[in-house]
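Chemist: Just dropping this structure here.
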Amino acid sequence: MDQAELQRSGTKAELPSMDQLWMPFTANRQFKAAPRLLVSAQGMYYRTHDGRQILDGTAGLWCVNAGHGRPEISAAIARQAQEMDYAPPFQMGHPLQFEAANLLADIAPADLKKVFFTNSGSESVDSALKIALAYHRARGDGTRTLFIGRERGYHGVGFGGISVGGMVANRKVFRGSLLPNVDHLPHTYSAEHQAFSRGEPDWGAHLADDLERIVALHDASNIAAVIVEPVAGSTGVLAPPKGYLERLRNICNRHGILLIFDEVITGFGRLGTPFAAQYFNVTPDIITTAKAVNNAAVPLGAVFVRNGIYETVVNGSPDGAVEFFHGYTYSGHPLAMAAAVATQQIYQRDKLLTRVLDDGIGQYWQEALHALSDARHVKDLRNIGLIGGIELESRPGAVGKRAFEAFVACYERGVLVRYTGDTIALSPPLIIERGQIDQIMTTLRDVLRTIA
Ligand SMILES: Cc1ncc(COP(=O)(O)O)c(C=O)c1O
């Protein structure tokens with residue numbers, strides 16, 4: 001029996017040597033001492049190297065929204081690999097990249113109908129920041145170079161993303177080399193005023209008004225853009241307070257500042273609308289996406305841009321000149337495009353982008369999550385769309401230890417969750433059924449009872 005057969009049969013597979021690989025965002029020594037390897041995936045489930053089935057409570061990493069192993073996606077990738085493996089994206093094109101952009105523009109809010117392809121969320125963020133600078137410069141407003149991010153924001157790991165981001169651990173080692181022109185809004189979370197909120201908290205819209213203070217400090221004529229996640233995911237699932245995003249939008253309008261929504265996790269149906277912009281009924285100027293854009297089958301990111309921004313940049317250059325000096329060797333890679341077209345067709349056919357609201361699964365999710373309010377160690381519960389956050393009381397002097405143990409115990413009991421600090425973060429594929437939601441919550445309740 002070869003390795004693949006062993007894995008399919010569920011028998012324990014032999015592990016490769018782990019010395020050479022430097023794993024990302026992983027406690028390498030801890031992992032290698034007790035590895036957790038996934039070897040195959042179908043629908044809502046992974047299978048591990050030791051032959052166990054694991055219910056996917058995280059859609060991989062907020063990205064496999066249509067569920068695993070979709071045959072239409074793998075067939076499209078295989079077909080494209082046979083037909084044409086690669087085409088250069090600079091001064092050349094191939095039909096699928098236009099087809100994919102058209103499908104994406106169809107679901108984009110308002111006039112955000114221009115699509116720029118990248119390979120990841122981090123690259124989408126860096127691209128969006130550059131587009132904002134290029135736009136202001138093309139309008140003759142080249143002093144607008146300052147970016148405003150937010151505390152507890154996560155925008156990937158490029159220097160642009162960590163500069164506007166607000167996660168201390170991602171910034172402190174690189175502090176001396178961050179972008180110089182950045183300020184931050186306060187984060188929107190308050191345990192005192194928001195604990196156990198269902199959906200958007202009632203308290204906190206006024207926190208957007210801090211943008212007026214920052215504008216007064218730097219002067220609007222120097223500010224290019226504000227970037228926020230509509231729902232902060234990686235810092236513990238923080239839904240925006242009711243009215244907060246509208247206020248940000250209004251202040252940006254007043255001062256000619258672009259508003260960027262980082263929808264790398266909220267894009268593609270996570271809240272029950274194609275984008276969070278539609279859920280909150282607030283239209284930004286630029287949206288960054290990645291992950292679920294093609295069900296994460298091939299690395300891909302996409303930046304959605306208002307028509308007027310594209311036209312200003314493109315028409316601002318002489319005819320025949322490259323208008324925007326930016327792009328990646330793999331922008332619009334044929335395999336990623338094939339996966340994107342197949343994925344978007346599945347989303348449309350199966351009505352997945354609106355399922356969270358239409359089918360009542362979001363409501364069921366909310367009730368099931370909040371039923372954990374009396375579970376051991378629970379300090380707060382937060383949810384929106386098909387996202388859940390379970391904040392645990394931290395052990396004194398050991399932040400994150402309890403959530404890590406809960407994560408491992410869930411994995412051992414057949415459920416994949418994520419954790420950040422002492423918050424368990426949940427974001428299952430959008431195809432999840434009610435019984436599987438019950439399984440996730442029951443497992444968590446049991447696990448919290450057993451860990452110290
Ligand atoms: C809001 C947000 N922006 C950017 C990123 C970075 O994406 P990537 O890891 O694909 O670079 C992430 C990743 O989780 C994210 O959640």
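Ordering of the structure tokens sets the chain letters (A, B, ...); residue numbers start at 1 within each chain; ligands are numbered from 1 in the order shown.
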Grab me every residue within 6 Å of ligand 1, counting only C-alpha atoms and all ligand atoms, and send it over as a PyMOL selection string.

Modeler: chain A and resi 120-122+154-156+229+233-234+262-265

Chemist: If we count only C-alpha atoms and set the cut-off at 12 Å, which residues sit around A:Gln278, ignoring sequence neighbours fewer than 4 positions away in its own chain? Please answer as a ChimeraX atom specification.

Modeler: /A:107-110,112,230,245,261,263,266-274,282-284,287,353-354

Chemist: Generate the output file for the selected residues, N, CA and C atoms, as a PDB file, in the first residue's frame.

Modeler:
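Saved as part-v1.pdb:
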```
ATOM      1  N   ILE A 107     -20.949  40.568  -8.472  1.00  0.00           N
ATOM      2  CA  ILE A 107     -21.433  40.503  -7.074  1.00  0.00           C
ATOM      3  C   ILE A 107     -20.888  41.650  -6.214  1.00  0.00           C
ATOM      4  N   ALA A 108     -20.023  42.467  -6.785  1.00  0.00           N
ATOM      5  CA  ALA A 108     -19.417  43.565  -6.001  1.00  0.00           C
ATOM      6  C   ALA A 108     -20.455  44.641  -5.714  1.00  0.00           C
ATOM      7  N   PRO A 109     -20.332  45.305  -4.564  1.00  0.00           N
ATOM      8  CA  PRO A 109     -21.298  46.356  -4.251  1.00  0.00           C
ATOM      9  C   PRO A 109     -21.121  47.590  -5.125  1.00  0.00           C
ATOM     10  N   ALA A 110     -22.234  48.304  -5.322  1.00  0.00           N
ATOM     11  CA  ALA A 110     -22.252  49.625  -5.971  1.00  0.00           C
ATOM     12  C   ALA A 110     -21.351  49.655  -7.204  1.00  0.00           C
ATOM     13  N   LEU A 112     -17.990  49.333  -7.318  1.00  0.00           N
ATOM     14  CA  LEU A 112     -16.647  48.745  -7.133  1.00  0.00           C
ATOM     15  C   LEU A 112     -16.453  47.626  -8.151  1.00  0.00           C
ATOM     16  N   PRO A 230     -14.281  45.231   8.374  1.00  0.00           N
ATOM     17  CA  PRO A 230     -15.657  45.461   8.847  1.00  0.00           C
ATOM     18  C   PRO A 230     -15.934  44.640  10.108  1.00  0.00           C
ATOM     19  N   LEU A 245     -19.638  51.920  11.257  1.00  0.00           N
ATOM     20  CA  LEU A 245     -19.074  51.988   9.901  1.00  0.00           C
ATOM     21  C   LEU A 245     -19.674  53.153   9.107  1.00  0.00           C
ATOM     22  N   PHE A 261     -12.219  48.725   2.991  1.00  0.00           N
ATOM     23  CA  PHE A 261     -12.663  47.600   3.833  1.00  0.00           C
ATOM     24  C   PHE A 261     -11.777  46.400   3.507  1.00  0.00           C
ATOM     25  N   GLU A 263     -11.799  42.870   3.471  1.00  0.00           N
ATOM     26  CA  GLU A 263     -12.815  41.795   3.549  1.00  0.00           C
ATOM     27  C   GLU A 263     -12.189  40.431   3.243  1.00  0.00           C
ATOM     28  N   THR A 266     -14.384  38.441   5.508  1.00  0.00           N
ATOM     29  CA  THR A 266     -15.840  38.639   5.426  1.00  0.00           C
ATOM     30  C   THR A 266     -16.357  38.524   3.993  1.00  0.00           C
ATOM     31  N   GLY A 267     -15.464  38.566   3.006  1.00  0.00           N
ATOM     32  CA  GLY A 267     -15.894  38.459   1.619  1.00  0.00           C
ATOM     33  C   GLY A 267     -16.458  37.081   1.310  1.00  0.00           C
ATOM     34  N   PHE A 268     -17.354  37.027   0.344  1.00  0.00           N
ATOM     35  CA  PHE A 268     -17.890  35.782  -0.196  1.00  0.00           C
ATOM     36  C   PHE A 268     -18.772  35.002   0.785  1.00  0.00           C
ATOM     37  N   GLY A 269     -19.769  35.724   1.286  1.00  0.00           N
ATOM     38  CA  GLY A 269     -20.888  35.047   1.949  1.00  0.00           C
ATOM     39  C   GLY A 269     -20.767  34.794   3.424  1.00  0.00           C
ATOM     40  N   ARG A 270     -19.679  35.185   4.055  1.00  0.00           N
ATOM     41  CA  ARG A 270     -19.460  34.846   5.471  1.00  0.00           C
ATOM     42  C   ARG A 270     -20.557  35.432   6.364  1.00  0.00           C
ATOM     43  N   LEU A 271     -21.123  36.592   5.943  1.00  0.00           N
ATOM     44  CA  LEU A 271     -22.169  37.220   6.769  1.00  0.00           C
ATOM     45  C   LEU A 271     -23.563  37.013   6.173  1.00  0.00           C
ATOM     46  N   GLY A 272     -23.655  36.337   5.030  1.00  0.00           N
ATOM     47  CA  GLY A 272     -24.974  36.149   4.415  1.00  0.00           C
ATOM     48  C   GLY A 272     -25.247  37.112   3.275  1.00  0.00           C
ATOM     49  N   THR A 273     -24.237  37.897   2.917  1.00  0.00           N
ATOM     50  CA  THR A 273     -24.269  38.742   1.720  1.00  0.00           C
ATOM     51  C   THR A 273     -22.922  38.528   1.036  1.00  0.00           C
ATOM     52  N   PRO A 274     -22.827  38.851  -0.255  1.00  0.00           N
ATOM     53  CA  PRO A 274     -21.522  38.604  -0.905  1.00  0.00           C
ATOM     54  C   PRO A 274     -20.366  39.260  -0.149  1.00  0.00           C
ATOM     55  N   VAL A 282     -22.881  49.839   3.878  1.00  0.00           N
ATOM     56  CA  VAL A 282     -21.901  50.930   3.834  1.00  0.00           C
ATOM     57  C   VAL A 282     -20.940  50.615   2.675  1.00  0.00           C
ATOM     58  N   THR A 283     -20.799  51.551   1.760  1.00  0.00           N
ATOM     59  CA  THR A 283     -19.974  51.277   0.576  1.00  0.00           C
ATOM     60  C   THR A 283     -18.609  51.937   0.725  1.00  0.00           C
ATOM     61  N   PRO A 284     -17.572  51.121   0.796  1.00  0.00           N
ATOM     62  CA  PRO A 284     -16.212  51.687   0.850  1.00  0.00           C
ATOM     63  C   PRO A 284     -15.753  52.052  -0.563  1.00  0.00           C
ATOM     64  N   ILE A 287     -12.148  47.443  -1.711  1.00  0.00           N
ATOM     65  CA  ILE A 287     -12.325  46.239  -0.879  1.00  0.00           C
ATOM     66  C   ILE A 287     -11.181  45.276  -1.179  1.00  0.00           C
ATOM     67  N   LEU A 353     -23.769  32.436  -1.172  1.00  0.00           N
ATOM     68  CA  LEU A 353     -23.369  33.752  -0.656  1.00  0.00           C
ATOM     69  C   LEU A 353     -24.446  34.376   0.226  1.00  0.00           C
ATOM     70  N   THR A 354     -25.664  33.850   0.135  1.00  0.00           N
ATOM     71  CA  THR A 354     -26.739  34.400   0.973  1.00  0.00           C
ATOM     72  C   THR A 354     -27.307  33.347   1.924  1.00  0.00           C
TER      73      THR A 354
END
```

Chemist: Which of these, A:Leu217, A:Ile286, A:Gln194, A:Leu38, has the shortest distance to A:Gly308 once you count only C-alpha atoms?

Modeler: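 Between A:Leu217, A:Ile286, A:Gln194, A:Leu38, the residue approaching A:Gly308 most closely is A:Ile286.
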
Chemist: Compile the contact shell of A:Met167 as a count of residues only: residues with an atom at most 10 Å away, counting only C-alpha atoms, same-chain residues fewer than 4 positions apart removed.

Modeler: 12

Chemist: Taking into account only C-alpha atoms, which residue in the set A:Ile214, A:Lys113, A:Val415, A:Leu352 is nearest to A:Ile148?

Modeler: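 With only C-alpha atoms as the atom set, the closest residue is A:Ile214.
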
Chemist: May I ask which of the residues A:Lys32, A:Tyr244, A:His184, A:Ala128 is the closest one to A:Thr289, counting only C-alpha atoms?

Modeler: A:Ala128

Chemist: Applying 7 Å and only C-alpha atoms, which residues near A:Pro240 remain after dropping the ones on its own chain fewer than 2 positions away? List them as an MDAnalysis selection string.

Modeler: chainID A and resid 188 200:201 230:231 238 242 244

Chemist: Save out the residues we just selected, N, CA and C atoms, as a PDB file, in the first residue's frame.

Modeler:
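Just written: again.pdb:
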```pdb
ATOM      1  N   THR A 188     -12.615  48.690  18.744  1.00  0.00           N
ATOM      2  CA  THR A 188     -14.031  48.936  19.056  1.00  0.00           C
ATOM      3  C   THR A 188     -14.563  48.034  20.161  1.00  0.00           C
ATOM      4  N   GLU A 200     -24.052  42.834  15.962  1.00  0.00           N
ATOM      5  CA  GLU A 200     -23.393  44.128  16.212  1.00  0.00           C
ATOM      6  C   GLU A 200     -23.729  44.627  17.619  1.00  0.00           C
ATOM      7  N   PRO A 201     -22.722  44.988  18.398  1.00  0.00           N
ATOM      8  CA  PRO A 201     -23.005  45.544  19.731  1.00  0.00           C
ATOM      9  C   PRO A 201     -23.710  46.890  19.629  1.00  0.00           C
ATOM     10  N   PRO A 230     -14.281  45.231   8.374  1.00  0.00           N
ATOM     11  CA  PRO A 230     -15.657  45.461   8.847  1.00  0.00           C
ATOM     12  C   PRO A 230     -15.934  44.640  10.108  1.00  0.00           C
ATOM     13  N   VAL A 231     -15.482  43.395  10.119  1.00  0.00           N
ATOM     14  CA  VAL A 231     -15.493  42.569  11.329  1.00  0.00           C
ATOM     15  C   VAL A 231     -14.047  42.134  11.560  1.00  0.00           C
ATOM     16  N   LEU A 238     -14.505  40.632  16.402  1.00  0.00           N
ATOM     17  CA  LEU A 238     -15.096  41.868  16.916  1.00  0.00           C
ATOM     18  C   LEU A 238     -16.013  42.451  15.850  1.00  0.00           C
ATOM     19  N   LYS A 242     -23.107  49.037  16.209  1.00  0.00           N
ATOM     20  CA  LYS A 242     -24.161  49.542  15.307  1.00  0.00           C
ATOM     21  C   LYS A 242     -23.876  51.001  14.945  1.00  0.00           C
ATOM     22  N   TYR A 244     -21.316  52.316  13.553  1.00  0.00           N
ATOM     23  CA  TYR A 244     -19.892  52.707  13.545  1.00  0.00           C
ATOM     24  C   TYR A 244     -19.354  52.891  12.121  1.00  0.00           C
TER      25      TYR A 244
END
```

Chemist: Which residues are near A:Ser74? Cut-off 8 Å, only C-alpha atoms, ignore same chain within fewer than 4 positions. Put them as an MDAnalysis selection string.

Modeler: chainID A and resid 69:70 78 297 339

Chemist: Keeping only N, CA and C atoms, write those residues as a short mmCIF file (atom, residue, chain, number, x, y, z; two decimals), in the first residue's frame.

Modeler:
```
data_model
loop_
_atom_site.label_atom_id
_atom_site.label_comp_id
_atom_site.auth_asym_id
_atom_site.auth_seq_id
_atom_site.Cartn_x
_atom_site.Cartn_y
_atom_site.Cartn_z
N GLY A 69 -13.07 19.76 -1.40
CA GLY A 69 -13.09 18.70 -2.42
C GLY A 69 -14.16 18.88 -3.48
N ARG A 70 -14.47 20.10 -3.85
CA ARG A 70 -15.48 20.34 -4.88
C ARG A 70 -14.94 19.84 -6.23
N ALA A 78 -7.45 21.23 -13.23
CA ALA A 78 -6.74 20.21 -14.01
C ALA A 78 -6.82 20.52 -15.51
N ALA A 297 -8.47 27.19 -3.34
CA ALA A 297 -7.92 26.02 -4.02
C ALA A 297 -6.55 26.30 -4.64
N ALA A 339 -9.92 28.21 -10.93
CA ALA A 339 -10.56 27.91 -9.65
C ALA A 339 -11.56 29.00 -9.26
#
```

Chemist: Quote the spacing between atom CA of A:Val313 and atom CA of A:Ala220 in Å to one decimal place.

Modeler: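 Atom-to-atom, atom CA of A:Val313 to atom CA of A:Ala220, that is 20.6 Å.
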
Chemist: Going by DSSP on the backbone, which residues of stretch 242-374 of chain A come out as helix (DSSP H, G or I)? List them as a PyMOL selection string.

Modeler: chain A and resi 244-255+276-280+291-294+307-315+334-349+352-358+361-374

Chemist: Report as a short mmCIF file (atom, residue, chain, number, x, y, z; two decimals) with C-alpha atoms, in the first residue's frame all protein, DNA and RNA residues lying within 12 Å of A:Pro180, evaluated on only C-alpha atoms, omitting residues in the same chain fewer than 4 positions from it.

Modeler:
```
data_model
loop_
_atom_site.label_atom_id
_atom_site.label_comp_id
_atom_site.auth_asym_id
_atom_site.auth_seq_id
_atom_site.Cartn_x
_atom_site.Cartn_y
_atom_site.Cartn_z
CA THR A 145 0.14 59.87 1.92
CA LEU A 146 -0.93 59.06 5.48
CA PHE A 147 -2.82 55.85 6.25
CA ILE A 148 -5.07 55.30 9.22
CA PHE A 159 5.19 45.85 5.69
CA GLY A 160 2.12 47.82 4.57
CA ILE A 162 1.65 45.30 9.63
CA SER A 163 2.06 49.09 9.60
CA VAL A 164 -1.67 49.76 9.37
CA ARG A 175 8.82 48.36 14.65
CA GLY A 176 11.82 50.23 13.31
#
```

Chemist: May I ask for the distance between atom CA of A:Leu372 and atom CA of A:Ile437, given in Å to one decimal place?

Modeler: 12.4 Å

Chemist: A:Asp202: which residues within 12 Å, counting only C-alpha atoms, same-chain residues fewer than 2 positions away excluded, as a PyMOL selection string?

Modeler: chain A and resi 188-190+193-200+204-206+239-244

Chemist: Do you have the atom CA of A:Asp359-atom CA of A:Ala100 distance handy?

Modeler: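 According to the coordinates, atom CA of A:Asp359 and atom CA of A:Ala100 are separated by 27.1 Å.
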
Chemist: Identify which of the residues A:Val215, A:Ala66, A:Val39, A:Ala225 lies closest to A:Ile54, counting only C-alpha atoms when measuring atom-to-atom distances.

Modeler: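 Looking at the shortest contact to A:Ile54, the residue is A:Val39.
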